[in-house]
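Source file: protein_24.cif (mmCIF, C-alpha atoms)
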data_structure
loop_
_atom_site.label_atom_id
_atom_site.label_comp_id
_atom_site.auth_asym_id
_atom_site.auth_seq_id
_atom_site.Cartn_x
_atom_site.Cartn_y
_atom_site.Cartn_z
CA MET A 1 49.14 -7.35 10.26
CA ASN A 2 51.39 -10.33 10.29
CA GLY A 3 50.48 -13.92 9.79
CA ASN A 4 51.24 -17.08 7.99
CA MET A 5 49.78 -18.61 4.84
CA ASN A 6 50.10 -22.00 6.55
CA MET A 7 46.98 -21.21 8.56
CA ILE A 8 44.88 -20.78 5.40
CA GLY A 9 46.24 -24.09 4.20
CA TYR A 10 45.37 -25.62 7.53
CA GLY A 11 41.82 -24.33 7.25
CA LEU A 12 41.50 -25.96 3.83
CA ALA A 13 43.11 -29.17 5.03
CA VAL A 14 40.72 -29.74 7.92
CA ILE A 15 37.60 -29.56 5.73
CA GLY A 16 38.01 -33.27 5.05
CA SER A 17 38.44 -34.18 8.70
CA ALA A 18 35.52 -31.98 9.70
CA LEU A 19 33.20 -33.64 7.18
CA ALA A 20 34.40 -37.09 8.24
CA ILE A 21 33.83 -36.45 11.94
CA GLY A 22 30.43 -34.93 11.20
CA MET A 23 29.39 -37.99 9.20
CA ILE A 24 30.70 -40.38 11.87
CA PHE A 25 28.72 -38.76 14.66
CA ALA A 26 25.64 -38.35 12.45
CA ALA A 27 25.73 -42.10 11.91
CA TYR A 28 26.28 -42.62 15.66
CA VAL A 29 23.25 -40.47 16.57
CA ASN A 30 21.16 -42.30 13.96
CA GLY A 31 22.23 -45.66 15.31
CA VAL A 32 21.50 -44.75 18.93
CA ALA A 33 18.11 -43.32 17.94
CA ARG A 34 17.19 -46.57 16.22
CA GLN A 35 18.66 -48.91 18.81
CA PRO A 36 19.28 -47.22 22.16
CA GLU A 37 20.56 -50.47 23.69
CA ALA A 38 23.50 -50.52 21.25
CA ARG A 39 24.80 -47.24 22.65
CA GLY A 40 27.81 -48.70 24.45
CA VAL A 41 29.16 -50.55 21.43
CA LEU A 42 28.46 -47.68 19.04
CA GLN A 43 30.12 -45.11 21.30
CA GLY A 44 33.43 -46.92 21.25
CA VAL A 45 33.33 -47.41 17.49
CA ALA A 46 32.30 -43.80 16.88
CA ILE A 47 35.04 -42.33 19.09
CA LEU A 48 37.63 -44.63 17.54
CA GLY A 49 36.56 -43.62 14.03
CA ALA A 50 36.51 -39.95 14.95
CA ALA A 51 39.97 -40.31 16.48
CA LEU A 52 41.30 -41.79 13.25
CA ALA A 53 39.71 -39.05 11.13
CA GLU A 54 40.86 -36.39 13.56
CA ALA A 55 44.45 -37.63 13.40
CA LEU A 56 44.80 -36.00 9.97
CA ALA A 57 43.68 -32.62 11.31
CA ILE A 58 46.01 -33.03 14.28
CA ILE A 59 48.97 -33.80 12.03
CA ALA A 60 47.97 -30.82 9.86
CA ILE A 61 48.03 -28.33 12.75
CA GLY A 62 51.39 -29.71 13.84
CA LEU A 63 52.78 -29.19 10.33
CA ALA A 64 51.14 -25.76 10.04
CA PHE A 65 53.27 -24.59 12.95
CA ALA A 66 56.36 -26.63 12.12
CA LEU A 67 56.78 -25.80 8.40
CA LYS A 68 58.36 -22.45 7.58
CA MET B 69 52.05 6.12 16.02
CA LYS B 70 50.27 3.18 17.48
CA ALA B 71 52.18 -0.03 18.14
CA GLU B 72 51.34 -2.80 15.73
CA PHE B 73 49.60 -5.85 17.10
CA VAL B 74 51.88 -8.88 17.24
CA SER B 75 49.86 -12.07 17.24
CA PRO B 76 51.09 -14.78 19.62
CA GLY B 77 52.81 -17.77 18.08
CA PRO B 78 54.35 -21.03 19.27
CA GLU B 79 57.04 -19.04 21.12
CA ILE B 80 54.61 -18.39 24.01
CA PHE B 81 55.15 -22.01 25.01
CA ASP B 82 58.86 -21.43 25.65
CA LEU B 83 58.55 -20.47 29.28
CA PRO B 84 61.57 -19.08 31.12
CA PRO B 85 62.82 -21.31 33.95
CA ILE B 86 61.51 -20.28 37.38
CA PHE B 87 64.61 -21.53 39.20
CA THR B 88 67.59 -23.72 38.40
CA LEU B 89 68.02 -27.10 40.04
CA ALA B 90 71.32 -28.95 39.49
CA GLY B 91 71.87 -27.30 36.13
CA PHE B 92 68.31 -27.82 34.85
CA GLY B 93 65.93 -24.89 34.50
CA VAL B 94 62.68 -25.82 36.23
CA THR B 95 59.71 -24.40 34.32
CA LYS B 96 56.04 -23.95 35.14
CA PRO B 97 54.78 -27.15 33.44
CA MET B 98 57.30 -29.24 35.40
CA LEU B 99 56.07 -27.74 38.66
CA THR B 100 52.48 -28.30 37.48
CA VAL B 101 53.19 -31.99 36.97
CA VAL B 102 54.76 -32.34 40.43
CA GLY B 103 51.94 -30.35 42.03
CA GLY B 104 49.30 -32.31 40.14
CA THR B 105 50.82 -35.62 41.24
CA VAL B 106 50.90 -34.56 44.87
CA LEU B 107 47.36 -33.18 44.63
CA LEU B 108 45.98 -36.38 43.07
CA ALA B 109 47.80 -38.68 45.48
CA GLY B 110 46.55 -36.60 48.41
CA PHE B 111 43.03 -36.53 47.02
CA PHE B 112 42.79 -40.28 46.52
CA LEU B 113 44.40 -40.98 49.90
CA LEU B 114 41.80 -38.70 51.45
CA THR B 115 38.97 -40.47 49.66
CA VAL B 116 39.96 -44.04 50.54
CA ARG B 117 41.14 -43.40 54.09
CA ARG B 118 38.45 -44.52 56.51
CA ALA B 119 36.24 -45.71 53.64
CA GLN B 120 32.72 -46.20 54.92
CA LEU B 121 29.66 -48.01 53.67
CA VAL B 122 27.79 -44.70 53.54
CA PRO B 123 30.35 -42.48 51.81
CA GLY B 124 31.16 -38.98 52.94
CA ARG B 125 31.64 -36.05 50.59
CA TYR B 126 35.24 -36.78 49.53
CA GLN B 127 34.71 -40.50 49.31
CA TYR B 128 31.62 -39.98 47.20
CA PHE B 129 33.47 -37.71 44.76
CA GLY B 130 36.45 -40.04 44.50
CA GLU B 131 34.22 -43.03 43.98
CA SER B 132 32.17 -41.32 41.30
CA VAL B 133 35.31 -40.46 39.31
CA TYR B 134 36.55 -44.03 39.66
CA GLY B 135 33.10 -45.41 38.91
CA PHE B 136 32.86 -43.26 35.79
CA VAL B 137 36.06 -44.78 34.39
CA ARG B 138 35.00 -48.26 35.49
CA ASN B 139 31.45 -48.19 34.16
CA SER B 140 31.39 -45.92 31.15
CA VAL B 141 34.92 -46.43 29.85
CA VAL B 142 36.14 -49.91 30.73
CA LEU B 143 32.93 -51.96 30.94
CA GLU B 144 31.56 -50.43 27.73
CA SER B 145 34.73 -50.75 25.66
CA ILE B 146 36.62 -53.79 27.02
CA GLY B 147 34.05 -55.67 29.07
CA ALA B 148 34.39 -57.52 32.35
CA GLN B 149 37.85 -58.91 31.49
CA GLY B 150 39.20 -55.37 31.41
CA LEU B 151 38.39 -54.65 35.04
CA ARG B 152 41.98 -55.20 36.12
CA PHE B 153 43.01 -52.17 34.02
CA VAL B 154 40.61 -49.81 35.80
CA PRO B 155 43.19 -48.53 38.35
CA PHE B 156 45.64 -47.63 35.58
CA LEU B 157 42.98 -46.01 33.39
CA ALA B 158 41.42 -44.10 36.28
CA THR B 159 44.85 -42.73 37.21
CA LEU B 160 45.52 -41.84 33.59
CA PHE B 161 42.17 -40.04 33.29
CA THR B 162 42.48 -38.03 36.49
CA PHE B 163 46.15 -37.20 35.89
CA ILE B 164 45.56 -35.91 32.36
CA ALA B 165 42.44 -34.06 33.52
CA VAL B 166 44.37 -32.29 36.29
CA LEU B 167 47.27 -31.37 33.97
CA ASN B 168 44.82 -30.08 31.35
CA ILE B 169 42.66 -28.14 33.79
CA ALA B 170 45.82 -26.33 34.94
CA GLY B 171 45.37 -24.43 31.69
CA ILE B 172 42.32 -22.54 32.94
CA ILE B 173 43.13 -22.16 36.64
CA PRO B 174 43.78 -18.44 37.23
CA LEU B 175 47.46 -17.51 37.81
CA LEU B 176 48.59 -20.98 36.74
CA GLN B 177 46.98 -20.89 33.28
CA PHE B 178 49.27 -23.23 31.43
CA PRO B 179 48.25 -26.76 30.41
CA ALA B 180 51.30 -28.91 31.16
CA THR B 181 50.20 -31.45 28.53
CA SER B 182 50.67 -28.83 25.80
CA HIS B 183 54.35 -29.73 26.02
CA MET B 184 55.00 -32.79 23.89
CA GLY B 185 57.23 -34.52 26.44
CA PHE B 186 54.54 -35.11 29.04
CA SER B 187 51.88 -36.43 26.66
CA LEU B 188 54.43 -38.54 24.80
CA ALA B 189 55.49 -40.22 28.04
CA LEU B 190 51.85 -40.99 28.86
CA ALA B 191 51.20 -42.27 25.32
CA LEU B 192 54.30 -44.49 25.45
CA MET B 193 53.04 -45.96 28.71
CA ALA B 194 49.74 -46.83 27.02
CA TRP B 195 51.64 -48.16 23.97
CA VAL B 196 53.81 -50.50 26.06
CA LEU B 197 50.76 -51.64 28.01
CA TYR B 198 48.48 -52.58 25.10
CA ASN B 199 51.27 -54.25 23.13
CA ALA B 200 52.37 -56.22 26.18
CA VAL B 201 48.77 -57.22 26.96
CA GLY B 202 48.26 -58.37 23.37
CA MET B 203 51.47 -60.40 23.30
CA LYS B 204 50.75 -61.96 26.66
CA HIS B 205 47.15 -62.80 25.77
CA GLN B 206 47.65 -64.13 22.23
CA GLY B 207 51.35 -64.89 22.09
CA VAL B 208 53.82 -62.74 20.14
CA TRP B 209 53.11 -64.39 16.78
CA GLY B 210 49.37 -64.60 17.41
CA TYR B 211 49.22 -60.92 18.30
CA PHE B 212 50.89 -59.83 15.07
CA LYS B 213 48.88 -62.39 13.10
CA THR B 214 45.49 -61.09 14.26
CA MET B 215 46.74 -57.53 13.83
CA MET B 216 48.15 -57.88 10.33
CA PHE B 217 46.22 -60.80 8.86
CA PRO B 218 42.58 -60.58 9.93
CA PRO B 219 40.62 -63.51 8.44
CA GLY B 220 37.95 -63.28 5.77
CA ILE B 221 39.76 -61.05 3.28
CA PRO B 222 40.90 -62.03 -0.25
CA LYS B 223 44.57 -63.10 -0.26
CA PRO B 224 46.06 -60.37 -2.55
CA VAL B 225 44.66 -57.61 -0.32
CA TYR B 226 47.00 -58.69 2.48
CA VAL B 227 49.93 -57.24 0.51
CA LEU B 228 48.40 -53.80 1.11
CA LEU B 229 46.62 -54.45 4.38
CA ALA B 230 49.39 -56.03 6.45
CA PRO B 231 51.87 -53.13 6.29
CA ILE B 232 49.09 -50.56 6.79
CA GLU B 233 47.77 -52.37 9.86
CA PHE B 234 51.29 -52.76 11.25
CA PHE B 235 52.12 -49.08 10.80
CA SER B 236 48.75 -48.00 12.14
CA THR B 237 48.93 -50.14 15.28
CA VAL B 238 52.60 -50.01 16.17
CA LEU B 239 53.79 -46.62 14.93
CA VAL B 240 50.88 -44.27 14.26
CA ARG B 241 48.79 -45.00 17.37
CA PRO B 242 51.21 -43.76 20.06
CA VAL B 243 52.17 -40.73 17.97
CA THR B 244 48.59 -39.66 17.30
CA LEU B 245 47.64 -40.39 20.91
CA ALA B 246 50.32 -37.98 22.12
CA LEU B 247 49.83 -35.44 19.33
CA ARG B 248 46.07 -35.29 19.79
CA LEU B 249 46.38 -34.34 23.45
CA THR B 250 49.33 -31.99 22.94
CA LEU B 251 47.98 -30.10 19.98
CA ASN B 252 44.47 -29.78 21.40
CA MET B 253 45.93 -28.15 24.50
CA PHE B 254 48.37 -26.16 22.37
CA ALA B 255 45.66 -24.78 20.08
CA GLY B 256 43.29 -24.08 22.97
CA HIS B 257 45.92 -22.17 24.93
CA LEU B 258 46.90 -20.23 21.81
CA VAL B 259 43.27 -19.22 21.20
CA LEU B 260 42.88 -18.05 24.81
CA VAL B 261 46.11 -16.02 24.65
CA LEU B 262 45.01 -14.53 21.32
CA PHE B 263 41.64 -13.45 22.77
CA ILE B 264 43.22 -11.84 25.81
CA LEU B 265 46.18 -10.18 24.06
CA GLY B 266 43.89 -8.99 21.28
CA GLY B 267 41.40 -7.54 23.74
CA ASN B 268 44.25 -5.91 25.63
CA TYR B 269 45.59 -4.37 22.43
CA LEU B 270 42.18 -3.11 21.30
CA ILE B 271 41.38 -1.46 24.63
CA PHE B 272 44.73 0.05 25.59
CA GLU B 273 46.55 0.58 22.28
CA LEU B 274 43.85 1.24 19.70
CA GLY B 275 41.38 2.99 22.00
CA GLY B 276 38.39 4.99 20.82
CA VAL B 277 34.80 3.77 20.75
CA VAL B 278 35.52 1.00 18.26
CA GLY B 279 38.65 -0.21 20.05
CA ILE B 280 37.21 -0.23 23.55
CA GLY B 281 33.89 -1.69 22.39
CA SER B 282 35.38 -4.56 20.42
CA GLY B 283 38.12 -5.06 23.03
CA THR B 284 35.51 -5.48 25.78
CA LEU B 285 33.71 -7.95 23.54
CA ALA B 286 36.96 -9.91 23.11
CA MET B 287 37.58 -9.91 26.87
CA VAL B 288 34.05 -11.16 27.61
CA GLY B 289 34.53 -13.70 24.83
CA SER B 290 37.75 -14.88 26.48
CA ILE B 291 35.75 -15.79 29.61
CA GLY B 292 33.38 -17.85 27.49
CA MET B 293 36.31 -19.44 25.69
CA THR B 294 37.86 -20.33 29.06
CA PHE B 295 34.79 -22.36 29.99
CA PHE B 296 34.70 -23.96 26.55
CA GLU B 297 38.40 -24.78 26.93
CA GLY B 298 37.67 -26.42 30.30
CA PHE B 299 35.11 -28.63 28.56
CA ILE B 300 37.62 -29.52 25.81
CA GLN B 301 40.25 -30.34 28.42
CA LEU B 302 38.01 -32.81 30.23
CA LEU B 303 36.90 -34.25 26.88
CA GLN B 304 40.48 -34.81 25.77
CA ALA B 305 41.32 -36.59 29.03
CA TYR B 306 38.27 -38.80 28.40
CA VAL B 307 39.23 -39.44 24.77
CA PHE B 308 42.80 -40.36 25.73
CA THR B 309 41.53 -42.81 28.36
CA LEU B 310 38.86 -44.26 26.07
CA LEU B 311 41.32 -44.78 23.22
CA THR B 312 43.79 -46.49 25.55
CA ALA B 313 40.96 -48.72 26.77
CA LEU B 314 39.89 -49.48 23.19
CA TYR B 315 43.46 -50.38 22.21
CA ILE B 316 43.72 -52.68 25.22
CA GLY B 317 40.35 -54.19 24.34
CA GLY B 318 41.52 -54.75 20.75
CA ALA B 319 44.67 -56.49 22.02
CA LEU B 320 42.57 -58.70 24.29
CA SER B 321 40.07 -59.88 21.69
CA SER B 322 41.65 -62.60 19.56
CA GLU B 323 38.92 -62.64 16.90
CA HIS B 324 38.78 -59.40 14.98
#
What is this file in structure tokens?
Amino acid sequence: MNGNMNMIGYGLAVIGSALAIGMIFAAYVNGVARQPEARGVLQGVAILGAALAEALAIIAIGLAFALK
Amino acid sequence: MKAEFVSPGPEIFDLPPIFTLAGFGVTKPMLTVVGGTVLLAGFFLLTVRRAQLVPGRYQYFGESVYGFVRNSVVLESIGAQGLRFVPFLATLFTFIAVLNIAGIIPLLQFPATSHMGFSLALALMAWVLYNAVGMKHQGVWGYFKTMMFPPGIPKPVYVLLAPIEFFSTVLVRPVTLALRLTLNMFAGHLVLVLFILGGNYLIFELGGVVGIGSGTLAMVGSIGMTFFEGFIQLLQAYVFTLLTALYIGGALSSEH
């Protein structure tokens, strides 16, 4: 077996992003269920928010491979 | 003594050059980009040549891809004033989709966008475009003013908010745009390689009932992962296009 402790750290680091993205899309589904006509506006906001939250996880996987 | 399993790492992305052209080693992703460009140009030429009122098969497919970008990306996120960006965004979407899908096409099986250079060039194009649109639409000072000093916030907060907004819009956006695409493709390709190499190791090196059984499971799983990866690749092309459209839309709207 070989491996890298960075990956365990990465797994811990993305918990925050995962929760954030889950909450963002939960709110999006709720919003669309309440007001289906607002879907277009909400979709953009939800994807933008998810992209911001996901950026942390993306930076984390980059660092997980880059740091020695 | 059985050989130990060596898990694949980032070094699998260092492909050897296929041939040398004027001192530069030409690698698979470079050829994928050239091939993808030719394929897309040929495809869209085929779809618009002899365009008819009742579309044929190719024209219908081309128009539905274009219509998807026009209706569910641009009209929903920018509005009618963003219609002049549809050609750029449709090209961006199809180009990224083709480069990503190269990652699951048998024998090719390498997403060109998993190399930072290609995604960074695309992200810089989007960065130049939305900044230029914002400066043209609101003026240079007006663009930075609406970006860094949105109205309706207590004065002391601007000390914190203005630098954060500046860094987020000018520096972080292009980097995350490129990194998101690159690292999604990177991680997806790594997972596929891990499934296949692991299955290969279990079947041929470990052997026995356990090895062959779990190795077969890994190989079957790699087929499922390939389809999942195809879905992710299309989704990432969509996300890249949608984010570019949202950034353009943000630069166009003067009230924030």
Edge lengths and centre in Å to one decimal, as AutoDock Vina command-line options, of the axis-aligned box that encloses all listed atoms of stretch 99-105 of chain B with 4 Å added on every side?
--center_x 52.7 --center_y -31.7 --center_z 39.5 --size_x 14.8 --size_y 15.9 --size_z 13.1
(message) Show me, as a ChimeraX atom specification, the residues that have an atom within 12 Å of stretch 37-50 of chain A when counting all atoms listed in the file, minus same-chain residues fewer than 2 positions from it.
(response) /A:17-35,52-58 /B:139-147,241,245,248,303-304,306-315,317-318
(request) Point out the residue among A:Leu67, A:Ile61, A:Met5, A:Leu12 with the least atom-to-atom distance to chain B, counting all atoms listed in the file. (result)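 Using all atoms listed in the file, the shortest distance to chain B belongs to A:Ile61.
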(request) Measure the distance from atom CA of B:Ile164 to atom CA of B:Thr181 in Å and round it to one decimal. (result) 7.5 Å
(request) Apply the PyMOL selection byres ((chain A and resi 68) around 12) to the displayed file and report the matching residues as a PyMOL selection string. (result) chain A and resi 3-7+62-67
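Our summary of the geometry notes that atom CA of B:Val259 is positioned 12.9 Å from atom CA of B:Gly298.
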